[in-house]
Structure formats: C-alpha cells, structure tokens
>>> print(open('entry39.cif').read())   # mmCIF, C-alpha atoms
data_model
loop_
_atom_site.group_PDB
_atom_site.id
_atom_site.type_symbol
_atom_site.label_atom_id
_atom_site.label_comp_id
_atom_site.auth_asym_id
_atom_site.auth_seq_id
_atom_site.Cartn_x
_atom_site.Cartn_y
_atom_site.Cartn_z
ATOM 1 C CA MET A 11 -22.083 -26.807 -7.742
ATOM 2 C CA ARG A 12 -23.512 -27.259 -4.222
ATOM 3 C CA CYS A 13 -20.386 -29.207 -3.274
ATOM 4 C CA LEU A 14 -18.181 -26.451 -4.655
ATOM 5 C CA PHE A 15 -19.863 -23.752 -2.575
ATOM 6 C CA THR A 16 -19.808 -25.998 0.491
ATOM 7 C CA ALA A 17 -16.059 -26.460 0.065
ATOM 8 C CA MET A 18 -15.590 -22.704 -0.404
ATOM 9 C CA ALA A 19 -17.627 -21.974 2.721
ATOM 10 C CA LEU A 20 -15.650 -24.468 4.802
ATOM 11 C CA THR A 21 -12.363 -23.047 3.547
ATOM 12 C CA PHE A 22 -13.484 -19.520 4.307
ATOM 13 C CA ALA A 23 -14.665 -20.498 7.786
ATOM 14 C CA ALA A 24 -11.225 -21.907 8.483
ATOM 15 C CA LEU A 25 -9.623 -18.658 7.326
ATOM 16 C CA CYS A 26 -11.841 -16.568 9.602
ATOM 17 C CA ALA A 27 -11.316 -18.736 12.672
ATOM 18 C CA PRO A 28 -8.771 -17.341 15.160
ATOM 19 C CA ALA A 29 -5.355 -18.801 14.433
ATOM 20 C CA PRO A 30 -3.738 -20.898 17.164
ATOM 21 C CA ALA A 31 -0.805 -19.147 18.779
ATOM 22 C CA GLN A 32 1.697 -21.659 17.454
ATOM 23 C CA GLU A 33 0.657 -20.939 13.860
ATOM 24 C CA GLN A 34 1.560 -17.238 13.996
ATOM 25 C CA GLN A 35 5.140 -17.014 12.774
ATOM 26 C CA HIS A 36 6.284 -13.747 14.369
ATOM 27 C CA ALA A 37 9.654 -12.664 15.678
ATOM 28 C CA THR A 38 9.443 -13.018 19.449
ATOM 29 C CA SER A 39 12.688 -11.135 20.084
ATOM 30 C CA VAL A 40 11.474 -7.916 18.463
ATOM 31 C CA GLU A 41 9.715 -5.351 20.626
ATOM 32 C CA THR A 42 6.024 -4.950 19.774
ATOM 33 C CA GLN A 43 5.172 -1.617 18.177
ATOM 34 C CA GLN A 44 3.194 0.933 20.129
ATOM 35 C CA THR A 45 -0.465 0.798 19.193
ATOM 36 C CA GLY A 46 -2.573 3.746 18.150
ATOM 37 C CA LEU A 47 -1.375 7.165 17.071
ATOM 38 C CA PRO A 48 2.012 8.395 18.354
ATOM 39 C CA PRO A 49 1.924 10.975 21.168
ATOM 40 C CA GLY A 50 1.230 14.453 19.855
ATOM 41 C CA PHE A 51 0.156 13.231 16.421
ATOM 42 C CA GLU A 52 -3.175 15.027 16.401
ATOM 43 C CA ALA A 53 -1.494 18.323 17.256
ATOM 44 C CA GLN A 54 0.869 17.966 14.279
ATOM 45 C CA PHE A 55 -1.486 16.699 11.593
ATOM 46 C CA GLN A 56 -4.916 17.627 10.269
ATOM 47 C CA HIS A 57 -7.576 15.584 8.464
ATOM 48 C CA ARG A 58 -8.794 17.172 5.252
ATOM 49 C CA TYR A 59 -10.801 16.388 2.115
ATOM 50 C CA ILE A 60 -10.423 17.429 -1.500
ATOM 51 C CA ALA A 61 -12.327 16.884 -4.746
ATOM 52 C CA ALA A 62 -9.733 15.268 -6.997
ATOM 53 C CA ASN A 63 -10.401 13.941 -10.504
ATOM 54 C CA GLY A 64 -14.102 13.652 -9.702
ATOM 55 C CA THR A 65 -13.510 11.749 -6.457
ATOM 56 C CA ARG A 66 -13.562 13.070 -2.888
ATOM 57 C CA LEU A 67 -10.311 12.038 -1.208
ATOM 58 C CA HIS A 68 -9.503 12.060 2.481
ATOM 59 C CA TYR A 69 -5.941 12.883 3.485
ATOM 60 C CA VAL A 70 -3.904 13.694 6.586
ATOM 61 C CA ILE A 71 -1.381 16.523 6.288
ATOM 62 C CA GLY A 72 1.303 18.123 8.415
ATOM 63 C CA GLY A 73 4.914 19.266 8.490
ATOM 64 C CA GLY A 74 6.628 22.226 6.898
ATOM 65 C CA ALA A 75 4.231 24.285 4.782
ATOM 66 C CA THR A 76 7.015 25.221 2.367
ATOM 67 C CA GLY A 77 8.970 21.957 2.437
ATOM 68 C CA PRO A 78 9.086 19.357 -0.361
ATOM 69 C CA LEU A 79 5.779 17.509 -0.662
ATOM 70 C CA VAL A 80 5.915 13.804 0.258
ATOM 71 C CA VAL A 81 2.784 11.790 -0.544
ATOM 72 C CA LEU A 82 2.382 8.405 1.157
ATOM 73 C CA LEU A 83 0.196 5.760 -0.531
ATOM 74 C CA HIS A 84 -0.937 2.697 1.410
ATOM 75 C CA GLY A 85 -1.938 -0.759 0.191
ATOM 76 C CA TRP A 86 -4.728 -3.274 0.809
ATOM 77 C CA PRO A 87 -6.213 -3.785 3.391
ATOM 78 C CA GLN A 88 -4.809 -0.575 4.853
ATOM 79 C CA THR A 89 -5.655 3.116 5.030
ATOM 80 C CA TRP A 90 -3.571 6.251 5.599
ATOM 81 C CA TYR A 91 -3.182 4.971 9.185
ATOM 82 C CA THR A 92 -0.337 2.612 8.206
ATOM 83 C CA TRP A 93 1.968 5.677 7.958
ATOM 84 C CA ARG A 94 1.227 7.004 11.460
ATOM 85 C CA ASN A 95 4.658 6.096 12.865
ATOM 86 C CA VAL A 96 6.538 7.397 9.818
ATOM 87 C CA MET A 97 4.870 10.776 9.374
ATOM 88 C CA PRO A 98 6.149 12.634 12.480
ATOM 89 C CA SER A 99 9.829 12.116 11.657
ATOM 90 C CA LEU A 100 9.348 13.206 8.050
ATOM 91 C CA ALA A 101 7.527 16.312 9.247
ATOM 92 C CA LYS A 102 10.283 17.023 11.765
ATOM 93 C CA ALA A 103 12.826 16.802 8.951
ATOM 94 C CA GLY A 104 11.013 19.657 7.198
ATOM 95 C CA TYR A 105 8.884 17.811 4.651
ATOM 96 C CA ARG A 106 5.245 18.572 3.921
ATOM 97 C CA VAL A 107 3.748 15.151 4.574
ATOM 98 C CA VAL A 108 0.480 13.855 3.141
ATOM 99 C CA ALA A 109 -0.919 10.381 3.818
ATOM 100 C CA VAL A 110 -3.949 9.802 1.615
ATOM 101 C CA ASP A 111 -6.783 7.305 1.547
ATOM 102 C CA TYR A 112 -6.754 6.508 -2.147
ATOM 103 C CA ARG A 113 -9.978 5.976 -4.133
ATOM 104 C CA GLY A 114 -12.117 3.359 -2.412
ATOM 105 C CA ALA A 115 -10.258 3.306 0.916
ATOM 106 C CA GLY A 116 -10.851 4.721 4.380
ATOM 107 C CA GLU A 117 -12.836 7.954 4.357
ATOM 108 C CA SER A 118 -12.413 8.584 0.631
ATOM 109 C CA ASP A 119 -15.209 8.081 -1.892
ATOM 110 C CA LYS A 120 -15.913 4.552 -3.103
ATOM 111 C CA PRO A 121 -17.153 4.951 -6.686
ATOM 112 C CA LEU A 122 -18.205 2.001 -8.809
ATOM 113 C CA ALA A 123 -15.336 2.380 -11.287
ATOM 114 C CA GLY A 124 -11.881 3.867 -11.756
ATOM 115 C CA TYR A 125 -9.757 1.321 -9.878
ATOM 116 C CA ASP A 126 -7.180 0.858 -12.602
ATOM 117 C CA LYS A 127 -3.981 2.319 -11.214
ATOM 118 C CA ALA A 128 -3.504 4.867 -14.009
ATOM 119 C CA THR A 129 -6.838 6.474 -13.079
ATOM 120 C CA MET A 130 -5.972 6.332 -9.370
ATOM 121 C CA ALA A 131 -2.662 8.023 -10.163
ATOM 122 C CA ALA A 132 -4.616 10.831 -11.821
ATOM 123 C CA ASP A 133 -6.587 11.192 -8.561
ATOM 124 C CA ILE A 134 -3.351 11.662 -6.615
ATOM 125 C CA ARG A 135 -1.982 14.090 -9.184
ATOM 126 C CA ALA A 136 -5.137 16.193 -8.828
ATOM 127 C CA LEU A 137 -4.598 16.169 -5.051
ATOM 128 C CA VAL A 138 -0.984 17.290 -5.482
ATOM 129 C CA HIS A 139 -2.016 20.118 -7.807
ATOM 130 C CA GLY A 140 -4.819 21.051 -5.420
ATOM 131 C CA LEU A 141 -2.201 21.510 -2.709
ATOM 132 C CA GLY A 142 -0.365 23.937 -4.983
ATOM 133 C CA ALA A 143 2.620 21.683 -5.667
ATOM 134 C CA THR A 144 4.310 21.144 -9.013
ATOM 135 C CA LYS A 145 6.665 18.370 -7.848
ATOM 136 C CA VAL A 146 6.115 15.473 -5.479
ATOM 137 C CA ASP A 147 8.051 12.707 -3.765
ATOM 138 C CA LEU A 148 5.931 9.553 -3.943
ATOM 139 C CA VAL A 149 6.107 6.704 -1.425
ATOM 140 C CA GLY A 150 3.967 3.646 -2.095
ATOM 141 C CA ARG A 151 3.566 0.189 -0.659
ATOM 142 C CA ASP A 152 1.589 -2.728 -2.074
ATOM 143 C CA ILE A 153 -1.258 -1.285 -4.212
ATOM 144 C CA GLY A 154 0.186 2.141 -3.434
ATOM 145 C CA VAL A 155 3.384 1.164 -5.287
ATOM 146 C CA MET A 156 1.323 0.522 -8.408
ATOM 147 C CA VAL A 157 -0.418 3.894 -8.098
ATOM 148 C CA ALA A 158 2.872 5.702 -7.467
ATOM 149 C CA TYR A 159 4.540 3.962 -10.410
ATOM 150 C CA ALA A 160 1.625 4.842 -12.721
ATOM 151 C CA TYR A 161 1.977 8.493 -11.627
ATOM 152 C CA ALA A 162 5.723 8.514 -12.259
ATOM 153 C CA ALA A 163 5.360 6.758 -15.617
ATOM 154 C CA GLN A 164 2.681 9.122 -16.904
ATOM 155 C CA TRP A 165 4.123 12.382 -15.547
ATOM 156 C CA PRO A 166 7.834 11.759 -14.898
ATOM 157 C CA ASP A 167 8.742 15.463 -14.953
ATOM 158 C CA GLU A 168 6.438 16.069 -11.984
ATOM 159 C CA VAL A 169 7.960 13.377 -9.732
ATOM 160 C CA ALA A 170 11.075 14.308 -7.771
ATOM 161 C CA SER A 171 11.584 10.767 -6.462
ATOM 162 C CA LEU A 172 9.815 7.436 -6.128
ATOM 163 C CA VAL A 173 9.896 4.970 -3.227
ATOM 164 C CA MET A 174 8.668 1.430 -3.883
ATOM 165 C CA LEU A 175 7.888 -0.836 -0.933
ATOM 166 C CA ASP A 176 7.407 -4.581 -1.103
ATOM 167 C CA VAL A 177 5.233 -5.485 -4.071
ATOM 168 C CA PRO A 178 5.848 -6.395 -7.723
ATOM 169 C CA ILE A 179 4.595 -4.050 -10.451
ATOM 170 C CA PRO A 180 2.097 -5.501 -12.970
ATOM 171 C CA ALA A 181 3.597 -6.754 -16.252
ATOM 172 C CA THR A 182 7.155 -6.977 -14.871
ATOM 173 C CA ALA A 183 9.072 -10.241 -14.783
ATOM 174 C CA ALA A 184 8.717 -10.263 -10.974
ATOM 175 C CA TRP A 185 4.930 -9.894 -11.288
ATOM 176 C CA ASN A 186 4.603 -12.615 -13.900
ATOM 177 C CA GLU A 187 6.755 -14.991 -11.913
ATOM 178 C CA ALA A 188 4.744 -14.377 -8.738
ATOM 179 C CA LYS A 189 1.444 -14.901 -10.556
ATOM 180 C CA HIS A 190 2.422 -18.209 -12.120
ATOM 181 C CA LYS A 191 4.212 -19.933 -9.289
ATOM 182 C CA PRO A 192 2.291 -21.934 -6.650
ATOM 183 C CA ASP A 193 2.516 -19.248 -3.931
ATOM 184 C CA PRO A 194 0.066 -19.902 -1.078
ATOM 185 C CA GLU A 195 0.115 -16.193 -0.174
ATOM 186 C CA LEU A 196 -1.456 -15.172 -3.512
ATOM 187 C CA TRP A 197 -4.682 -17.189 -3.225
ATOM 188 C CA HIS A 198 -6.592 -13.955 -2.591
ATOM 189 C CA PHE A 199 -6.020 -12.724 -6.161
ATOM 190 C CA GLY A 200 -8.480 -15.308 -7.468
ATOM 191 C CA LEU A 201 -11.038 -14.809 -4.698
ATOM 192 C CA PHE A 202 -11.075 -11.029 -4.827
ATOM 193 C CA GLN A 203 -11.573 -11.025 -8.591
ATOM 194 C CA GLN A 204 -14.868 -12.915 -8.249
ATOM 195 C CA ARG A 205 -17.340 -10.025 -8.179
ATOM 196 C CA ASP A 206 -20.141 -10.431 -5.608
ATOM 197 C CA ILE A 207 -18.872 -13.849 -4.441
ATOM 198 C CA ALA A 208 -15.941 -12.324 -2.536
ATOM 199 C CA GLU A 209 -18.175 -9.682 -0.965
ATOM 200 C CA MET A 210 -20.743 -12.304 0.020
ATOM 201 C CA LEU A 211 -18.145 -14.476 1.743
ATOM 202 C CA VAL A 212 -16.252 -11.746 3.613
ATOM 203 C CA ALA A 213 -19.097 -9.407 4.615
ATOM 204 C CA GLY A 214 -19.705 -9.612 8.345
ATOM 205 C CA HIS A 215 -16.318 -11.256 8.893
ATOM 206 C CA GLU A 216 -14.072 -8.294 8.089
ATOM 207 C CA TYR A 217 -12.067 -8.319 11.305
ATOM 208 C CA PRO A 218 -11.179 -12.049 11.485
ATOM 209 C CA PHE A 219 -10.527 -12.126 7.744
ATOM 210 C CA ILE A 220 -8.227 -9.096 7.715
ATOM 211 C CA ARG A 221 -6.526 -10.177 10.945
ATOM 212 C CA ASP A 222 -5.703 -13.573 9.468
ATOM 213 C CA PHE A 223 -4.569 -11.943 6.206
ATOM 214 C CA TYR A 224 -2.299 -9.550 8.119
ATOM 215 C CA LEU A 225 -0.749 -12.005 10.517
ATOM 216 C CA LYS A 226 -0.009 -14.628 7.865
ATOM 217 C CA ARG A 227 2.189 -12.049 6.077
ATOM 218 C CA ALA A 228 3.771 -10.403 9.122
ATOM 219 C CA TYR A 229 7.031 -11.332 10.843
ATOM 220 C CA ARG A 230 6.895 -8.819 13.669
ATOM 221 C CA ASP A 231 3.793 -8.465 15.794
ATOM 222 C CA VAL A 232 1.081 -6.131 14.562
ATOM 223 C CA ALA A 233 -1.361 -5.247 17.343
ATOM 224 C CA ASP A 234 -4.971 -6.364 17.099
ATOM 225 C CA GLU A 235 -6.049 -2.810 17.939
ATOM 226 C CA ASP A 236 -4.286 -1.505 14.827
ATOM 227 C CA ILE A 237 -5.632 -4.266 12.592
ATOM 228 C CA ALA A 238 -9.100 -3.383 13.884
ATOM 229 C CA VAL A 239 -8.675 0.140 12.469
ATOM 230 C CA TYR A 240 -8.303 -1.347 9.001
ATOM 231 C CA ALA A 241 -11.126 -3.850 9.506
ATOM 232 C CA ARG A 242 -13.551 -1.083 10.504
ATOM 233 C CA ALA A 243 -12.637 0.879 7.385
ATOM 234 C CA TYR A 244 -13.360 -2.035 5.058
ATOM 235 C CA ALA A 245 -16.558 -2.951 6.932
ATOM 236 C CA ALA A 246 -17.962 0.485 6.025
ATOM 237 C CA PRO A 247 -20.548 0.623 3.221
ATOM 238 C CA GLY A 248 -18.835 -0.087 -0.090
ATOM 239 C CA GLY A 249 -15.480 -0.783 1.562
ATOM 240 C CA LEU A 250 -15.109 -4.435 0.586
ATOM 241 C CA ARG A 251 -16.354 -3.895 -2.951
ATOM 242 C CA ALA A 252 -13.985 -0.980 -3.525
ATOM 243 C CA GLY A 253 -11.042 -2.903 -2.097
ATOM 244 C CA PHE A 254 -11.711 -5.935 -4.272
ATOM 245 C CA GLU A 255 -12.119 -3.760 -7.371
ATOM 246 C CA LEU A 256 -8.417 -2.942 -7.032
ATOM 247 C CA TYR A 257 -7.708 -6.588 -7.889
ATOM 248 C CA ARG A 258 -10.370 -6.790 -10.588
ATOM 249 C CA ALA A 259 -8.555 -3.999 -12.407
ATOM 250 C CA PHE A 260 -5.310 -5.990 -12.656
ATOM 251 C CA PRO A 261 -5.856 -7.081 -16.280
ATOM 252 C CA GLU A 262 -6.216 -3.444 -17.310
ATOM 253 C CA ASP A 263 -3.194 -2.543 -15.167
ATOM 254 C CA GLU A 264 -1.118 -5.193 -16.914
ATOM 255 C CA ARG A 265 -2.078 -3.805 -20.311
ATOM 256 C CA ARG A 266 -1.301 -0.198 -19.396
ATOM 257 C CA PHE A 267 1.853 -0.992 -17.440
ATOM 258 C CA ALA A 268 3.312 -3.032 -20.286
ATOM 259 C CA GLU A 269 3.304 0.216 -22.263
ATOM 260 C CA PHE A 270 4.671 2.278 -19.386
ATOM 261 C CA GLU A 271 7.549 -0.149 -18.885
ATOM 262 C CA LYS A 272 8.883 0.454 -22.378
ATOM 263 C CA ARG A 273 10.453 3.647 -20.982
ATOM 264 C CA ARG A 274 12.666 3.569 -17.904
ATOM 265 C CA LEU A 275 11.967 6.121 -15.198
ATOM 266 C CA PRO A 276 14.487 8.982 -14.854
ATOM 267 C CA MET A 277 13.915 10.060 -11.233
ATOM 268 C CA PRO A 278 15.782 8.640 -8.204
ATOM 269 C CA ILE A 279 14.123 5.459 -6.937
ATOM 270 C CA LEU A 280 14.407 3.775 -3.551
ATOM 271 C CA ALA A 281 13.221 0.144 -3.438
ATOM 272 C CA LEU A 282 12.797 -1.676 -0.128
ATOM 273 C CA ALA A 283 11.130 -4.860 1.086
ATOM 274 C CA GLY A 284 11.060 -6.959 4.212
ATOM 275 C CA ASP A 285 13.626 -9.739 4.294
ATOM 276 C CA LYS A 286 10.829 -12.115 5.311
ATOM 277 C CA SER A 287 8.671 -10.954 2.412
ATOM 278 C CA ASN A 288 9.821 -10.000 -1.099
ATOM 279 C CA GLY A 289 13.442 -9.464 -0.059
ATOM 280 C CA MET A 290 15.738 -8.352 -2.870
ATOM 281 C CA THR A 291 13.060 -8.893 -5.527
ATOM 282 C CA GLU A 292 11.813 -5.312 -5.166
ATOM 283 C CA LEU A 293 15.262 -3.831 -5.789
ATOM 284 C CA ALA A 294 15.980 -6.111 -8.755
ATOM 285 C CA MET A 295 12.631 -5.193 -10.310
ATOM 286 C CA ALA A 296 13.176 -1.464 -9.712
ATOM 287 C CA LYS A 297 16.511 -1.633 -11.540
ATOM 288 C CA ASP A 298 14.636 -2.835 -14.613
ATOM 289 C CA LEU A 299 12.153 0.041 -14.307
ATOM 290 C CA GLY A 300 14.488 2.978 -13.620
ATOM 291 C CA ILE A 301 17.944 4.302 -14.337
ATOM 292 C CA ASN A 302 18.808 5.716 -10.882
ATOM 293 C CA VAL A 303 17.927 3.044 -8.344
ATOM 294 C CA ARG A 304 19.099 2.131 -4.870
ATOM 295 C CA GLY A 305 17.614 0.043 -2.079
ATOM 296 C CA GLY A 306 17.853 -3.029 0.107
ATOM 297 C CA VAL A 307 15.918 -5.058 2.654
ATOM 298 C CA ALA A 308 14.421 -4.358 6.063
ATOM 299 C CA PRO A 309 15.716 -6.852 8.639
ATOM 300 C CA ASP A 310 13.324 -9.132 10.507
ATOM 301 C CA THR A 311 10.361 -7.643 8.656
ATOM 302 C CA GLY A 312 7.424 -9.125 6.785
ATOM 303 C CA HIS A 313 5.079 -7.610 4.208
ATOM 304 C CA TRP A 314 3.822 -4.648 6.287
ATOM 305 C CA LEU A 315 6.934 -2.484 6.454
ATOM 306 C CA PRO A 316 5.392 0.772 7.847
ATOM 307 C CA ASP A 317 3.480 -1.176 10.517
ATOM 308 C CA GLU A 318 6.217 -3.663 11.393
ATOM 309 C CA ASN A 319 9.426 -1.640 11.146
ATOM 310 C CA PRO A 320 8.708 2.113 10.958
ATOM 311 C CA GLU A 321 12.070 2.971 12.519
ATOM 312 C CA PHE A 322 14.012 1.348 9.679
ATOM 313 C CA LEU A 323 11.719 2.802 7.021
ATOM 314 C CA THR A 324 11.822 6.319 8.454
ATOM 315 C CA LYS A 325 15.610 6.287 8.633
ATOM 316 C CA GLU A 326 15.850 5.126 5.011
ATOM 317 C CA LEU A 327 13.347 7.718 3.782
ATOM 318 C CA VAL A 328 15.001 10.635 5.563
ATOM 319 C CA ALA A 329 18.425 9.622 4.256
ATOM 320 C CA PHE A 330 17.109 9.172 0.705
ATOM 321 C CA PHE A 331 15.294 12.499 0.593
ATOM 322 C CA SER A 332 18.189 14.312 2.245
ATOM 323 C CA GLN A 333 20.567 13.049 -0.410
ATOM 324 C CA ILE A 334 18.213 14.144 -3.186
ATOM 325 C CA TYR A 335 17.659 17.649 -1.890
ATOM 326 C CA ARG A 336 21.240 18.148 -0.753
ATOM 327 C CA GLY A 337 22.329 17.289 -4.288
ATOM 328 C CA ALA A 338 19.767 19.683 -5.751
ATOM 329 C CA LYS A 339 21.202 22.702 -3.925
#
>>> encode(input="entry39.cif", output="structure tokens")
Amino acid sequence: MRCLFTAMALTFAALCAPAPAQEQQHATSVETQQTGLPPGFEAQFQHRYIAANGTRLHYVIGGGATGPLVVLLHGWPQTWYTWRNVMPSLAKAGYRVVAVDYRGAGESDKPLAGYDKATMAADIRALVHGLGATKVDLVGRDIGVMVAYAYAAQWPDEVASLVMLDVPIPATAAWNEAKHKPDPELWHFGLFQQRDIAEMLVAGHEYPFIRDFYLKRAYRDVADEDIAVYARAYAAPGGLRAGFELYRAFPEDERRFAEFEKRRLPMPILALAGDKSNGMTELAMAKDLGINVRGGVAPDTGHWLPDENPEFLTKELVAFFSQIYRGAK
C-alpha cells in the first residue's frame, strides 16, 4: 500500500510540475487570444444571484431584455468566464445572454449532493423560470453539455434549441467507446471518482494541476492569466470537492441518460467540436440523439472551444439562432 501511494504521489508531482515548452502542442501560427474580459464587458453585463431549486446560483446577464434567452453552461474546470468572448456578440445580435456558474462552480453554492446532471438541469430550469422565460436556447460544453441535454430530455417543450460542444453524452455509443478505450486524456475520470483521495492530492496545487490539464487538451494557446481565473475558483472552499462530485455522479448519469436516450430530441440541435479534440464524433452522436441536427468541426481547435476559438463559435451560434428565429416568424 505504501508503494502504491508513493507511486501516486510521484505521478501527481510530475503532473503538477511546469511542462517543458517543447511538450506543449499548440498551434504557433494562430494568434493568441486576448486575455481578461473584452473591452466594455462590465458595462454590458451584470453579476447576479438567484435561489434556484434550493441552490444559490451565480450568473452573468446582459443583452436585449426582450430577446430570446440563451443560457451558456460551462464545463470542468471552468466557470462562466469561459464565455466572456462569446457573450458580447450574442448580446449585440439581440439575445438575452446568461452565463451561469452551475451548482458547485465559481460563485455558486457548493452543496454536498445533487451533482447528477438531471438535478443540475432542474437548477438551470429554475433559473430560467426565475428570469420569467418559458423557452430557452441552451448552449453547453463538456459537463455543461450533459446538463443541457438532461434539461432538453426532461422538458423538451421548453427548449427552443440545443447546442452541444465537444463532449460525449453518458450512455451513448460515443461515451461507452471513450470510456473503454485506452485514452490517456481520460485518466482523470478514475482519479476524480476517488472521494477524499483526489482532494488530498490536488489541494494546494490547483493552479499547476489545472494549467497542465488545460494545456494538454488545447491546440491554440490559452493564456496563463485566464487559466488562473479557473484555478482560483476551484481553490475556493469546497471547489475541488464539488468539481470532483460531477464525475462521481457519472454512474447515476448513465442510468438516467439511458432512459432519456430512448426518445430522440425534437428541437434543432447544433453539434460542434474542435478538430484536434472530438472532431466529428460530437455531430455523429447528436444525430443519434435528435431528429433535427446540424454541425461540424472548429478548425485548429482543441477541447476548449470558447477559450480557443470564440470567433468561430460565435459565428456558428449567431447563424444557428438566426436561422431558428427567422424560420419561426
């Protein structure tokens, strides 16, 4: 047992050590994204809180007060901040834009339970209803895709459209294939599901751990200053535990999603992924889940689409929503 923990500690130390420059496989020909919030962001958007499904959620809102409501759901290890370069263009196009820290993330509450994605979807639905909306356009990436899908599957009549970015959905063929193949980028599933052990190993090392995790899955550069925003959020009290509970809920997600997937979704779906990440897998999976699906891949982009290639993503979102609402008139 002592040897096992020694090996784990040595492996973890290697993960937290700064990566040599030659090991970071980024596109050198792509311009680095601007760090921090875009100019004028704070004048356009406000930070707010709401009690939703028994949990206090933090969200950032702006755009047209009477426009269609677009809710943006991040993944791990992110917060609402990943959408910072997407939100202004959506607001300019007339949409009411909300980027939320879901349960356990950022400035939202970090309860001990409720990290199955069906419960988290109920949190977001309570937020939507609290904002006075009856319909919503959902955009999710990574864990946020799972939450958005669970929302759409449980309350399809309340979802105008669904956007799925770069992660397989539990219980799908894509998910099962990813889980059972020897993929070196999925090692964290096993670690994060070890309650207390994962927290013990990562606590105090949040920034180097999250930086390594980010850069290993990125193709374009993501600035250290932006990664530090996420690291500070997960270094907050309860942040690591809440983030890891997302992964500990996967068995329950698989059980619930297997039932959801017996019925295909009726709303328009846009499925996108980075060509250096999940590629066309997201679109192929979405076609199994819905009846009205379109999508493609983001060029020269890794796993972190809103951080790495917000220009491509924004263009695709505006075109998708425009087509939906033009057709509805």
>>> resolve_selection(input="entry39.cif", expression="the PyMOL selection byres ((chain A and resi 62) around 6)", output="PyMOL selection string")
chain A and resi 60-61+63-65+133+136-137
>>> write_last_selection(input="entry39.cif", atoms="C-alpha atoms", output="CSV table (one decimal), in the frame of the given file")
chain,number,residue,atom,x,y,z
A,60,ILE,CA,-10.4,17.4,-1.5
A,61,ALA,CA,-12.3,16.9,-4.7
A,63,ASN,CA,-10.4,13.9,-10.5
A,64,GLY,CA,-14.1,13.7,-9.7
A,65,THR,CA,-13.5,11.7,-6.5
A,133,ASP,CA,-6.6,11.2,-8.6
A,136,ALA,CA,-5.1,16.2,-8.8
A,137,LEU,CA,-4.6,16.2,-5.1
>>> residues_around(input="entry39.cif", residues="A:Gly249", least_positions_apart="3", cutoff="8 Å", atoms="all atoms listed in the file", output="PyMOL selection string")
chain A and resi 114-116+120+243-246+252-253
>>> resolve_selection(input="entry39.cif", expression="the PyMOL selection byres ((chain A and resi 140-144) around 12)", output="MDAnalysis selection string")
chainID A and resid 58:63 67 69 71 75:81 106:108 133:139 145:147 165:170
>>> resolve_selection(input="entry39.cif", expression="the PyMOL selection byres ((chain A and resi 89) around 6)", output="PyMOL selection string")
chain A and resi 84+88+90-91+111+116
>>> closest_residue(input="entry39.cif", among="A:Arg113, A:Arg258, A:Arg273, A:Lys325", to="A:Ala131", atoms="all atoms listed in the file")
A:Arg113
>>> residues_around(input="entry39.cif", residues="A:Ala329", least_positions_apart="4", cutoff="12 Å", atoms="all atoms listed in the file", output="VMD selection string")
chain A and resid 99 to 100 103 280 304 to 305 322 to 325 333 to 336
>>> write_last_selection(input="entry39.cif", atoms="C-alpha atoms", output="mmCIF file, in the coordinates of the input")
data_model
loop_
_atom_site.group_PDB
_atom_site.id
_atom_site.type_symbol
_atom_site.label_atom_id
_atom_site.label_comp_id
_atom_site.auth_asym_id
_atom_site.auth_seq_id
_atom_site.Cartn_x
_atom_site.Cartn_y
_atom_site.Cartn_z
ATOM 1 C CA SER A 99 9.829 12.116 11.657
ATOM 2 C CA LEU A 100 9.348 13.206 8.050
ATOM 3 C CA ALA A 103 12.826 16.802 8.951
ATOM 4 C CA LEU A 280 14.407 3.775 -3.551
ATOM 5 C CA ARG A 304 19.099 2.131 -4.870
ATOM 6 C CA GLY A 305 17.614 0.043 -2.079
ATOM 7 C CA PHE A 322 14.012 1.348 9.679
ATOM 8 C CA LEU A 323 11.719 2.802 7.021
ATOM 9 C CA THR A 324 11.822 6.319 8.454
ATOM 10 C CA LYS A 325 15.610 6.287 8.633
ATOM 11 C CA GLN A 333 20.567 13.049 -0.410
ATOM 12 C CA ILE A 334 18.213 14.144 -3.186
ATOM 13 C CA TYR A 335 17.659 17.649 -1.890
ATOM 14 C CA ARG A 336 21.240 18.148 -0.753
#
>>> axis_aligned_box(input="entry39.cif", around="stretch 202-220 of chain A", padding_each_side="6 Å", output="JSON")
{"center_x": -14.5, "center_y": -11.4, "center_z": 1.4, "size_x": 24.5, "size_y": 18.2, "size_z": 32.1}
>>> build_atoms(input="entry39.cif", residues="stretch 231-243 of chain A", atoms="N, CA and C atoms", output="tab-separated table (two decimals), in the frame of the given file")
chain	number	residue	atom	x	y	z
A	231	ASP	N	5.17	-8.59	15.33
A	231	ASP	CA	3.79	-8.46	15.79
A	231	ASP	C	3.16	-7.18	15.28
A	232	VAL	N	1.92	-7.29	14.86
A	232	VAL	CA	1.08	-6.13	14.56
A	232	VAL	C	-0.11	-6.23	15.50
A	233	ALA	N	-0.36	-5.19	16.28
A	233	ALA	CA	-1.36	-5.25	17.34
A	233	ALA	C	-2.77	-5.40	16.79
A	234	ASP	N	-3.58	-6.19	17.49
A	234	ASP	CA	-4.97	-6.36	17.10
A	234	ASP	C	-5.71	-5.03	17.03
A	235	GLU	N	-5.37	-4.11	17.94
A	235	GLU	CA	-6.05	-2.81	17.94
A	235	GLU	C	-5.80	-2.05	16.64
A	236	ASP	N	-4.59	-2.19	16.09
A	236	ASP	CA	-4.29	-1.50	14.83
A	236	ASP	C	-4.94	-2.21	13.64
A	237	ILE	N	-4.95	-3.53	13.66
A	237	ILE	CA	-5.63	-4.27	12.59
A	237	ILE	C	-7.12	-3.93	12.59
A	238	ALA	N	-7.67	-3.72	13.78
A	238	ALA	CA	-9.10	-3.38	13.88
A	238	ALA	C	-9.42	-2.06	13.20
A	239	VAL	N	-8.47	-1.13	13.17
A	239	VAL	CA	-8.68	0.14	12.47
A	239	VAL	C	-8.93	-0.13	10.99
A	240	TYR	N	-8.12	-1.01	10.41
A	240	TYR	CA	-8.30	-1.35	9.00
A	240	TYR	C	-9.61	-2.11	8.78
A	241	ALA	N	-9.91	-3.05	9.66
A	241	ALA	CA	-11.13	-3.85	9.51
A	241	ALA	C	-12.37	-2.96	9.55
A	242	ARG	N	-12.39	-1.98	10.44
A	242	ARG	CA	-13.55	-1.08	10.50
A	242	ARG	C	-13.70	-0.29	9.21
A	243	ALA	N	-12.58	0.11	8.63
A	243	ALA	CA	-12.64	0.88	7.38
A	243	ALA	C	-13.24	0.05	6.26
